[in-house]
Every structure is written in structure tokens, then in C-alpha cells.
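Below is the file input-v2.pdb, which contains PDB, C-alpha atoms and all ligand atoms.
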```pdb
ATOM      1  CA  MET A 268     -14.214  19.107 -27.541
ATOM      2  CA  LYS A 269     -10.971  17.306 -26.641
ATOM      3  CA  GLU A 270     -11.044  15.649 -23.247
ATOM      4  CA  ILE A 271      -7.813  15.571 -21.255
ATOM      5  CA  LEU A 272      -7.688  13.165 -18.339
ATOM      6  CA  VAL A 273      -5.722  14.352 -15.298
ATOM      7  CA  ILE A 274      -5.303  11.314 -13.100
ATOM      8  CA  TYR A 275      -3.469  11.554  -9.802
ATOM      9  CA  HIS A 276      -3.090  10.269  -6.287
ATOM     10  CA  SER A 277      -2.217  12.417  -3.308
ATOM     11  CA  MET A 278      -2.196  11.643   0.394
ATOM     12  CA  GLY A 279      -0.654  14.892   1.617
ATOM     13  CA  GLY A 280      -1.939  17.329  -1.020
ATOM     14  CA  ASN A 281       1.228  18.103  -2.991
ATOM     15  CA  THR A 282       0.431  16.023  -6.052
ATOM     16  CA  ARG A 283      -3.140  17.294  -5.915
ATOM     17  CA  LYS A 284      -1.870  20.887  -6.266
ATOM     18  CA  MET A 285       0.107  19.846  -9.335
ATOM     19  CA  ALA A 286      -2.924  18.046 -10.764
ATOM     20  CA  GLN A 287      -5.113  21.108 -10.254
ATOM     21  CA  ALA A 288      -2.525  23.293 -12.019
ATOM     22  CA  ALA A 289      -2.358  20.854 -14.938
ATOM     23  CA  ALA A 290      -6.163  20.868 -15.183
ATOM     24  CA  ASP A 291      -6.148  24.682 -15.074
ATOM     25  CA  GLY A 292      -3.698  24.655 -17.985
ATOM     26  CA  VAL A 293      -5.989  22.395 -19.983
ATOM     27  CA  GLY A 294      -8.887  24.735 -19.250
ATOM     28  CA  ARG A 295      -7.008  27.661 -20.803
ATOM     29  CA  ILE A 296      -7.106  26.015 -24.220
ATOM     30  CA  GLU A 297     -10.177  26.621 -26.303
ATOM     31  CA  GLY A 298     -11.684  23.381 -27.498
ATOM     32  CA  ALA A 299     -10.327  21.290 -24.608
ATOM     33  CA  CYS A 300     -11.655  20.360 -21.185
ATOM     34  CA  ALA A 301     -10.010  18.644 -18.228
ATOM     35  CA  LYS A 302     -11.398  15.584 -16.526
ATOM     36  CA  MET A 303      -9.707  15.388 -13.122
ATOM     37  CA  ARG A 304      -9.890  11.987 -11.491
ATOM     38  CA  SER A 305      -8.241  10.511  -8.438
ATOM     39  CA  ALA A 306      -6.628   7.207  -9.355
ATOM     40  CA  GLY A 307      -8.995   5.355  -7.060
ATOM     41  CA  GLU A 308     -12.087   6.565  -8.902
ATOM     42  CA  ALA A 309     -10.634   6.523 -12.451
ATOM     43  CA  THR A 310     -11.929   3.778 -14.722
ATOM     44  CA  LEU A 311     -11.036   2.000 -17.942
ATOM     45  CA  GLU A 312     -13.704   4.114 -19.645
ATOM     46  CA  ASP A 313     -11.876   7.297 -18.563
ATOM     47  CA  LEU A 314      -8.716   5.934 -20.188
ATOM     48  CA  LEU A 315     -10.467   4.905 -23.397
ATOM     49  CA  SER A 316     -12.542   8.046 -23.850
ATOM     50  CA  CYS A 317      -9.895  10.717 -23.236
ATOM     51  CA  ASP A 318      -7.844  12.314 -26.007
ATOM     52  CA  GLY A 319      -4.714  12.826 -23.917
ATOM     53  CA  MET A 320      -3.642  12.453 -20.327
ATOM     54  CA  LEU A 321      -1.466  13.699 -17.511
ATOM     55  CA  ILE A 322      -0.647  11.227 -14.765
ATOM     56  CA  GLY A 323       0.540  12.442 -11.374
ATOM     57  CA  SER A 324       1.953  10.452  -8.495
ATOM     58  CA  PRO A 325       3.887  11.028  -5.326
ATOM     59  CA  GLU A 326       6.930   8.855  -4.856
ATOM     60  CA  TYR A 327       6.295   6.436  -2.042
ATOM     61  CA  PHE A 328       9.072   4.011  -1.100
ATOM     62  CA  GLY A 329      10.941   4.591  -4.339
ATOM     63  CA  TYR A 330       7.929   3.723  -6.474
ATOM     64  CA  MET A 331       4.636   5.152  -7.750
ATOM     65  CA  ALA A 332       1.749   5.418  -5.278
ATOM     66  CA  GLY A 333      -0.136   2.165  -4.827
ATOM     67  CA  ALA A 334      -3.368   3.745  -6.102
ATOM     68  CA  ILE A 335      -1.717   4.621  -9.425
ATOM     69  CA  LYS A 336      -0.389   1.088  -9.732
ATOM     70  CA  ASP A 337      -3.876  -0.216  -8.930
ATOM     71  CA  PHE A 338      -5.334   1.880 -11.767
ATOM     72  CA  PHE A 339      -2.828   0.321 -14.179
ATOM     73  CA  ASP A 340      -3.541  -3.149 -12.803
ATOM     74  CA  ARG A 341      -7.274  -2.648 -13.339
ATOM     75  CA  THR A 342      -7.028  -1.251 -16.867
ATOM     76  CA  TYR A 343      -3.994  -2.825 -18.496
ATOM     77  CA  GLU A 344      -5.488  -5.999 -19.892
ATOM     78  CA  LYS A 345      -8.270  -4.255 -21.825
ATOM     79  CA  GLY A 346      -6.485  -0.907 -22.163
ATOM     80  CA  HIS A 347      -3.257  -1.848 -23.888
ATOM     81  CA  THR A 348      -4.967  -3.873 -26.604
ATOM     82  CA  ASP A 349      -7.529  -1.174 -27.419
ATOM     83  CA  LYS A 350      -6.650   0.879 -30.458
ATOM     84  CA  ARG A 351      -8.109   3.979 -28.764
ATOM     85  CA  VAL A 352      -5.195   3.927 -26.299
ATOM     86  CA  PHE A 353      -2.440   3.331 -28.879
ATOM     87  CA  ARG A 354      -0.157   6.414 -29.172
ATOM     88  CA  LYS A 355      -2.394   8.535 -26.954
ATOM     89  CA  PRO A 356      -0.324  11.568 -25.831
ATOM     90  CA  PHE A 357       0.639  11.862 -22.174
ATOM     91  CA  THR A 358       3.064  13.228 -19.650
ATOM     92  CA  LEU A 359       3.784  12.707 -15.964
ATOM     93  CA  PHE A 360       4.192  14.818 -12.871
ATOM     94  CA  ILE A 361       5.788  13.540  -9.687
ATOM     95  CA  SER A 362       5.978  14.979  -6.195
ATOM     96  CA  ALA A 363       8.755  13.599  -4.014
ATOM     97  CA  GLY A 364      10.620  14.370  -0.830
ATOM     98  CA  ASN A 365      14.087  14.204  -2.304
ATOM     99  CA  ASP A 366      14.151  11.892  -5.342
ATOM    100  CA  GLY A 367      11.181  10.965  -7.562
ATOM    101  CA  THR A 368      13.069   8.948 -10.157
ATOM    102  CA  GLY A 369      11.716   5.625  -8.899
ATOM    103  CA  ALA A 370       8.125   6.779  -9.340
ATOM    104  CA  LEU A 371       8.908   8.309 -12.717
ATOM    105  CA  THR A 372      10.710   5.347 -14.256
ATOM    106  CA  SER A 373       8.191   2.822 -12.970
ATOM    107  CA  ILE A 374       5.258   4.738 -14.489
ATOM    108  CA  GLU A 375       7.109   5.410 -17.746
ATOM    109  CA  ARG A 376       7.808   1.712 -18.112
ATOM    110  CA  ILE A 377       4.139   0.814 -17.735
ATOM    111  CA  CYS A 378       3.093   3.607 -20.135
ATOM    112  CA  ARG A 379       5.384   2.079 -22.760
ATOM    113  CA  GLY A 380       3.432  -1.145 -22.255
ATOM    114  CA  TYR A 381       0.207   0.713 -23.101
ATOM    115  CA  SER A 382       1.961   2.242 -26.149
ATOM    116  CA  LEU A 383       1.185   5.740 -24.928
ATOM    117  CA  LYS A 384       3.187   8.563 -26.520
ATOM    118  CA  LYS A 385       5.134  10.907 -24.223
ATOM    119  CA  VAL A 386       4.856  14.423 -25.657
ATOM    120  CA  PHE A 387       6.059  16.643 -22.799
ATOM    121  CA  GLU A 388       9.081  16.262 -20.522
ATOM    122  CA  PRO A 389       7.877  14.796 -17.198
ATOM    123  CA  ILE A 390       7.950  17.091 -14.168
ATOM    124  CA  ILE A 391       9.556  16.053 -10.888
ATOM    125  CA  VAL A 392       9.217  18.387  -7.915
ATOM    126  CA  THR A 393      11.174  17.624  -4.765
ATOM    127  CA  GLY A 394      10.143  19.217  -1.483
ATOM    128  CA  ASP A 395       7.593  21.969  -1.169
ATOM    129  CA  ILE A 396       5.694  22.929  -4.308
ATOM    130  CA  GLN A 397       6.675  26.394  -5.513
ATOM    131  CA  GLU A 398       4.752  28.725  -7.801
ATOM    132  CA  ALA A 399       7.236  28.021 -10.617
ATOM    133  CA  ASP A 400       6.522  24.290 -10.289
ATOM    134  CA  LEU A 401       2.814  24.902 -10.667
ATOM    135  CA  GLU A 402       3.475  27.026 -13.728
ATOM    136  CA  ARG A 403       5.283  24.077 -15.312
ATOM    137  CA  CYS A 404       2.245  21.920 -14.603
ATOM    138  CA  VAL A 405      -0.002  24.552 -16.186
ATOM    139  CA  GLU A 406       2.281  24.533 -19.223
ATOM    140  CA  ALA A 407       2.146  20.737 -19.413
ATOM    141  CA  GLY A 408      -1.653  20.820 -19.381
ATOM    142  CA  GLN A 409      -1.754  23.552 -22.014
ATOM    143  CA  THR A 410       0.705  21.725 -24.269
ATOM    144  CA  ILE A 411      -1.139  18.415 -24.220
ATOM    145  CA  ALA A 412      -4.499  20.131 -24.682
ATOM    146  CA  ALA A 413      -3.348  22.438 -27.487
ATOM    147  CA  GLY A 414      -1.676  19.564 -29.331
ATOM    148  CA  CYS A 415      -4.818  17.469 -29.079
ATOM    149  CA  VAL A 416      -7.006  20.328 -30.344
ATOM    150  CA  ALA A 417      -4.591  20.870 -33.247
ATOM    151  CA  GLU A 418      -4.398  17.085 -33.771
ATOM    152  CA  ILE A 419      -0.609  17.175 -34.100
ATOM    153  CA  TYR A 420       0.089  14.063 -32.048
TER     154      TYR A 420
HETATM  155  C1  LIG B   1       4.895   6.509   2.876
HETATM  156  C2  LIG B   1       5.775   7.541   2.211
HETATM  157  C3  LIG B   1       6.867   7.113   1.493
HETATM  158  C4  LIG B   1       7.692   8.063   0.851
HETATM  159  N1  LIG B   1       8.747   7.632   0.099
HETATM  160  C5  LIG B   1       9.502   8.537  -0.561
HETATM  161  C6  LIG B   1      10.569   8.112  -1.406
HETATM  162  O1  LIG B   1      10.825   6.930  -1.582
HETATM  163  N2  LIG B   1      11.294   9.055  -2.068
HETATM  164  C7  LIG B   1      11.038  10.399  -1.930
HETATM  165  O2  LIG B   1      11.741  11.209  -2.552
HETATM  166  N3  LIG B   1      10.030  10.833  -1.132
HETATM  167  C8  LIG B   1       9.256   9.940  -0.459
HETATM  168  N4  LIG B   1       8.208  10.373   0.322
HETATM  169  C9  LIG B   1       7.876  11.810   0.348
HETATM  170  C10 LIG B   1       6.727  12.102  -0.599
HETATM  171  O3  LIG B   1       7.018  11.669  -1.914
HETATM  172  C11 LIG B   1       6.438  13.604  -0.633
HETATM  173  O4  LIG B   1       6.111  14.050   0.650
HETATM  174  C12 LIG B   1       5.328  13.951  -1.608
HETATM  175  O5  LIG B   1       5.264  15.355  -1.754
HETATM  176  C13 LIG B   1       3.996  13.411  -1.138
HETATM  177  O6  LIG B   1       3.015  13.776  -2.089
HETATM  178  P1  LIG B   1       1.492  13.986  -1.649
HETATM  179  O7  LIG B   1       1.464  15.201  -0.728
HETATM  180  O8  LIG B   1       0.762  14.232  -2.909
HETATM  181  O9  LIG B   1       1.064  12.725  -0.944
HETATM  182  C14 LIG B   1       7.405   9.450   0.976
HETATM  183  C15 LIG B   1       6.289   9.844   1.749
HETATM  184  C16 LIG B   1       5.479   8.908   2.350
HETATM  185  C17 LIG B   1       4.277   9.359   3.128
END
```

Re-express the file's structure as C-alpha cells.
Ligand SMILES: Cc1cc2nc3c(=O)[nH]c(=O)nc-3n(C[C@H](O)[C@H](O)[C@H](O)COP(=O)(O)O)c2cc1C
Amino acid sequence: MKEILVIYHSMGGNTRKMAQAAADGVGRIEGACAKMRSAGEATLEDLLSCDGMLIGSPEYFGYMAGAIKDFFDRTYEKGHTDKRVFRKPFTLFISAGNDGTGALTSIERICRGYSLKKVFEPIIVTGDIQEADLERCVEAGQTIAAGCVAEIY
């Protein structure tokens, strides 16, 4: 069974909706299961044990949420040197009021430091979350999960 980590932070609920949709997408793929974790509760072990991941953050003050940054701070030293993290497939989803690029680029930069492999175009949603946005999150979850099951990454 391939384990896909969906890690997110959400104060107002928007990013949580996207995370739930991504996890639902993972669940539609036979042979994969989603492990949904808020950034505050996620651990180094979650990062090491998963087969792929989706990371979701709101944009706060032109940057990723502090809880997401805290997760990276807590796991980077041991995470980026561990061969289990090298080239692990991932993508990102961002909820923002009107921009989102600051959150996206700051997370992408850190993910390059971990040597993660981006395999799906990151999703930025500005404003209210629409059904079509959630469908893209479902598709992201399905794509990462299906690729991991097929071992194509
Ligand atoms: C403290 C704070 C700072 C924010 N800063 C930005 C920002 O820099 N750029 C932006 O586009 N939206 C900004 N927003 C709007 C949020 O990104 C947006 O409401 C998002 O959907 C919140 O996600 P959440 O409901 O998962 O917390 C900010 C919201 C808050 C509460």
C-alpha cells in the first residue's frame, strides 16, 4: 500500500477543503491511502515513511503559513539528508486572497532543498474555493497516488 501524505495548515478552512479533496483523490486509487496531517502535528517520521506528498498552505503576508515553515524547520536537518526523502514526488496547493505566489515560491524553494521531485503543476486558488478548484485537488491526489502505485516516479 502506497502512503500519500497530505500536509496542510488552515486557519479559516479554505486550505483544509483543498486538503480533504486531495486526500479524497488519493483514496480513489487502488493500492494507495492518504495520511492527512495538519502541519502542527506532522512529524519527521511522516515525511520519511510516505511514498509521495501534497503540501497545502494559505498565503499569509506574502509567505507560507508559519506552521508549514515550522514543519520544515523541524524536519529539514534530518529529512534532506535521508535517502528516503530524495526525489520523493510531491505537489503543492495554495489558498490565497488575491495572490499566492509568495507562498508557492517560498515552499518550492525549500522543497528543492529537500530534493523532492515536483510531479504535478501546483494549484493556486484565489478567493472562495469553487467546485472546479476542488476537482483539481482531487486530480492532484489521484495523479500522485497513481504514479506511486505504478512506481513511475
Ligand atoms: C493573517 C493573514 C494574512 C494574509 N495574507 C495574504 C497575502 O499576503 N496574500 C494573499 O493573497 N492573501 C492573504 N490572506 C488571505 C488568505 O490567504 C486567504 O483568506 C486564504 O484562503 C486563507 O486560507 P485558510 O482559510 O486555509 O486559512 C491573508 C489572510 C490572513 C488571515

Specify as a compact mmCIF listing (two decimals) with C-alpha atoms, in the frame of the given file each residue included when the PyMOL selection byres (((not hetatm)) within 12 of (chain B and resi 1)) is applied to this file.
```
# COMPACT_ATOMS: atom_id res chain seq x y z
CA TYR A 275 -3.47 11.55 -9.80
CA HIS A 276 -3.09 10.27 -6.29
CA SER A 277 -2.22 12.42 -3.31
CA MET A 278 -2.20 11.64 0.39
CA GLY A 279 -0.65 14.89 1.62
CA GLY A 280 -1.94 17.33 -1.02
CA ASN A 281 1.23 18.10 -2.99
CA THR A 282 0.43 16.02 -6.05
CA ARG A 283 -3.14 17.29 -5.92
CA LYS A 284 -1.87 20.89 -6.27
CA MET A 285 0.11 19.85 -9.34
CA ALA A 286 -2.92 18.05 -10.76
CA GLN A 287 -5.11 21.11 -10.25
CA SER A 305 -8.24 10.51 -8.44
CA GLY A 323 0.54 12.44 -11.37
CA SER A 324 1.95 10.45 -8.49
CA PRO A 325 3.89 11.03 -5.33
CA GLU A 326 6.93 8.86 -4.86
CA TYR A 327 6.30 6.44 -2.04
CA PHE A 328 9.07 4.01 -1.10
CA GLY A 329 10.94 4.59 -4.34
CA TYR A 330 7.93 3.72 -6.47
CA MET A 331 4.64 5.15 -7.75
CA ALA A 332 1.75 5.42 -5.28
CA GLY A 333 -0.14 2.16 -4.83
CA ALA A 334 -3.37 3.74 -6.10
CA ILE A 335 -1.72 4.62 -9.43
CA PHE A 360 4.19 14.82 -12.87
CA ILE A 361 5.79 13.54 -9.69
CA SER A 362 5.98 14.98 -6.20
CA ALA A 363 8.76 13.60 -4.01
CA GLY A 364 10.62 14.37 -0.83
CA ASN A 365 14.09 14.20 -2.30
CA ASP A 366 14.15 11.89 -5.34
CA GLY A 367 11.18 10.96 -7.56
CA THR A 368 13.07 8.95 -10.16
CA GLY A 369 11.72 5.62 -8.90
CA ALA A 370 8.12 6.78 -9.34
CA LEU A 371 8.91 8.31 -12.72
CA ILE A 391 9.56 16.05 -10.89
CA VAL A 392 9.22 18.39 -7.92
CA THR A 393 11.17 17.62 -4.76
CA GLY A 394 10.14 19.22 -1.48
CA ASP A 395 7.59 21.97 -1.17
CA ILE A 396 5.69 22.93 -4.31
CA GLN A 397 6.68 26.39 -5.51
```

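Proximity ranking of A:Ala399, A:Cys300, A:Lys384, A:Val273 relative to Val416 of chain A places A:Cys300 first, based on only C-alpha atoms.
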
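Counting all atoms listed in the file, the residue from A:Val405, A:Ile390, A:Leu383, A:Leu311 that sits nearest to Tyr420 of chain A is A:Leu383.
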
(request) Run the PyMOL selection byres (((chain A and resi 289) around 9) and not hetatm) against the file shown and list the residues it catches, as a PyMOL selection string. (result) chain A and resi 273+284-288+290-294+301+321+401-409

(request) Using only C-alpha atoms, pick whichever of A:Val352, A:Ile322, A:Leu272, A:Leu315 has the shortest atom-to-atom distance to Pro389 of chain A. (result) A:Ile322

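Restricting the calculation to all atoms listed in the file, the smallest distance between Glu375 of chain A and any of A:Ala417, A:Met268, A:Leu359, A:Met320 is found for A:Leu359.
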
Can you tell me, as an mmCIF file with C-alpha atoms, in the frame of the given file, what residues are no more than 9 Å from Thr310 of chain A when counting only C-alpha atoms, ignoring any on the same chain fewer than 4 positions away?
```
data_model
loop_
_atom_site.group_PDB
_atom_site.id
_atom_site.type_symbol
_atom_site.label_atom_id
_atom_site.label_comp_id
_atom_site.auth_asym_id
_atom_site.auth_seq_id
_atom_site.Cartn_x
_atom_site.Cartn_y
_atom_site.Cartn_z
ATOM 1 C CA ALA A 306 -6.628 7.207 -9.355
ATOM 2 C CA LEU A 314 -8.716 5.934 -20.188
ATOM 3 C CA LEU A 315 -10.467 4.905 -23.397
ATOM 4 C CA PHE A 338 -5.334 1.880 -11.767
ATOM 5 C CA ARG A 341 -7.274 -2.648 -13.339
ATOM 6 C CA THR A 342 -7.028 -1.251 -16.867
#
```

(request) Counting all atoms listed in the file, note down every residue that has an atom within 12 Å of the point (-2.3, 22.1, -30.9) (file coordinates), as a PyMOL selection string. (result) chain A and resi 269+293+296-299+319+356+386+408-420

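For the set A:Lys355, A:Cys317, A:Arg379, A:Gly307, the residue with the smallest atom-to-atom gap to Ile271 of chain A is A:Cys317, counting all atoms listed in the file.
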
(request) Just the residues within 8 Å of Ser316 of chain A, please, counting all atoms listed in the file, with nothing from its chain fewer than 4 positions along; format it as a PyMOL selection string. (result) chain A and resi 270+312+351

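From atom CA of Ala309 of chain A back to atom CA of Ser382 of chain A, the distance works out to 19.1 Å.
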
Missing atoms in segment 390-410 of chain A should be modelled up to N, CA and C atoms and reported as a JSON list (two decimals), in the frame of the given file.
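Printed below is selection21.json as written:
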```json
[["chain", "number", "residue", "atom", "x", "y", "z"],
["A", 390, "ILE", "N", 7.60, 16.12, -15.21],
["A", 390, "ILE", "CA", 7.95, 17.09, -14.17],
["A", 390, "ILE", "C", 8.16, 16.35, -12.85],
["A", 391, "ILE", "N", 9.32, 16.55, -12.25],
["A", 391, "ILE", "CA", 9.56, 16.05, -10.89],
["A", 391, "ILE", "C", 9.77, 17.26, -9.99],
["A", 392, "VAL", "N", 9.01, 17.34, -8.92],
["A", 392, "VAL", "CA", 9.22, 18.39, -7.92],
["A", 392, "VAL", "C", 9.63, 17.71, -6.62],
["A", 393, "THR", "N", 10.76, 18.14, -6.07],
["A", 393, "THR", "CA", 11.17, 17.62, -4.76],
["A", 393, "THR", "C", 10.93, 18.70, -3.71],
["A", 394, "GLY", "N", 10.41, 18.28, -2.58],
["A", 394, "GLY", "CA", 10.14, 19.22, -1.48],
["A", 394, "GLY", "C", 8.87, 20.00, -1.72],
["A", 395, "ASP", "N", 8.82, 21.15, -1.08],
["A", 395, "ASP", "CA", 7.59, 21.97, -1.17],
["A", 395, "ASP", "C", 7.35, 22.42, -2.61],
["A", 396, "ILE", "N", 6.08, 22.50, -2.96],
["A", 396, "ILE", "CA", 5.69, 22.93, -4.31],
["A", 396, "ILE", "C", 5.77, 24.46, -4.39],
["A", 397, "GLN", "N", 6.54, 24.94, -5.33],
["A", 397, "GLN", "CA", 6.68, 26.39, -5.51],
["A", 397, "GLN", "C", 5.78, 26.86, -6.67],
["A", 398, "GLU", "N", 5.58, 28.16, -6.73],
["A", 398, "GLU", "CA", 4.75, 28.72, -7.80],
["A", 398, "GLU", "C", 5.29, 28.34, -9.18],
["A", 399, "ALA", "N", 6.62, 28.36, -9.32],
["A", 399, "ALA", "CA", 7.24, 28.02, -10.62],
["A", 399, "ALA", "C", 6.94, 26.57, -11.01],
["A", 400, "ASP", "N", 6.85, 25.70, -10.01],
["A", 400, "ASP", "CA", 6.52, 24.29, -10.29],
["A", 400, "ASP", "C", 5.09, 24.18, -10.83],
["A", 401, "LEU", "N", 4.21, 24.94, -10.22],
["A", 401, "LEU", "CA", 2.81, 24.90, -10.67],
["A", 401, "LEU", "C", 2.69, 25.47, -12.08],
["A", 402, "GLU", "N", 3.51, 26.46, -12.37],
["A", 402, "GLU", "CA", 3.48, 27.03, -13.73],
["A", 402, "GLU", "C", 3.91, 25.99, -14.76],
["A", 403, "ARG", "N", 4.88, 25.15, -14.39],
["A", 403, "ARG", "CA", 5.28, 24.08, -15.31],
["A", 403, "ARG", "C", 4.14, 23.09, -15.52],
["A", 404, "CYS", "N", 3.40, 22.83, -14.47],
["A", 404, "CYS", "CA", 2.24, 21.92, -14.60],
["A", 404, "CYS", "C", 1.16, 22.54, -15.49],
["A", 405, "VAL", "N", 0.95, 23.85, -15.32],
["A", 405, "VAL", "CA", 0.00, 24.55, -16.19],
["A", 405, "VAL", "C", 0.45, 24.41, -17.64],
["A", 406, "GLU", "N", 1.75, 24.62, -17.85],
["A", 406, "GLU", "CA", 2.28, 24.53, -19.22],
["A", 406, "GLU", "C", 2.11, 23.12, -19.80],
["A", 407, "ALA", "N", 2.32, 22.12, -18.95],
["A", 407, "ALA", "CA", 2.15, 20.74, -19.41],
["A", 407, "ALA", "C", 0.70, 20.50, -19.85],
["A", 408, "GLY", "N", -0.23, 20.98, -19.03],
["A", 408, "GLY", "CA", -1.65, 20.82, -19.38],
["A", 408, "GLY", "C", -2.00, 21.55, -20.67],
["A", 409, "GLN", "N", -1.48, 22.76, -20.80],
["A", 409, "GLN", "CA", -1.75, 23.55, -22.01],
["A", 409, "GLN", "C", -1.19, 22.85, -23.25],
["A", 410, "THR", "N", 0.02, 22.33, -23.11],
["A", 410, "THR", "CA", 0.70, 21.72, -24.27],
["A", 410, "THR", "C", -0.04, 20.49, -24.76]]
```
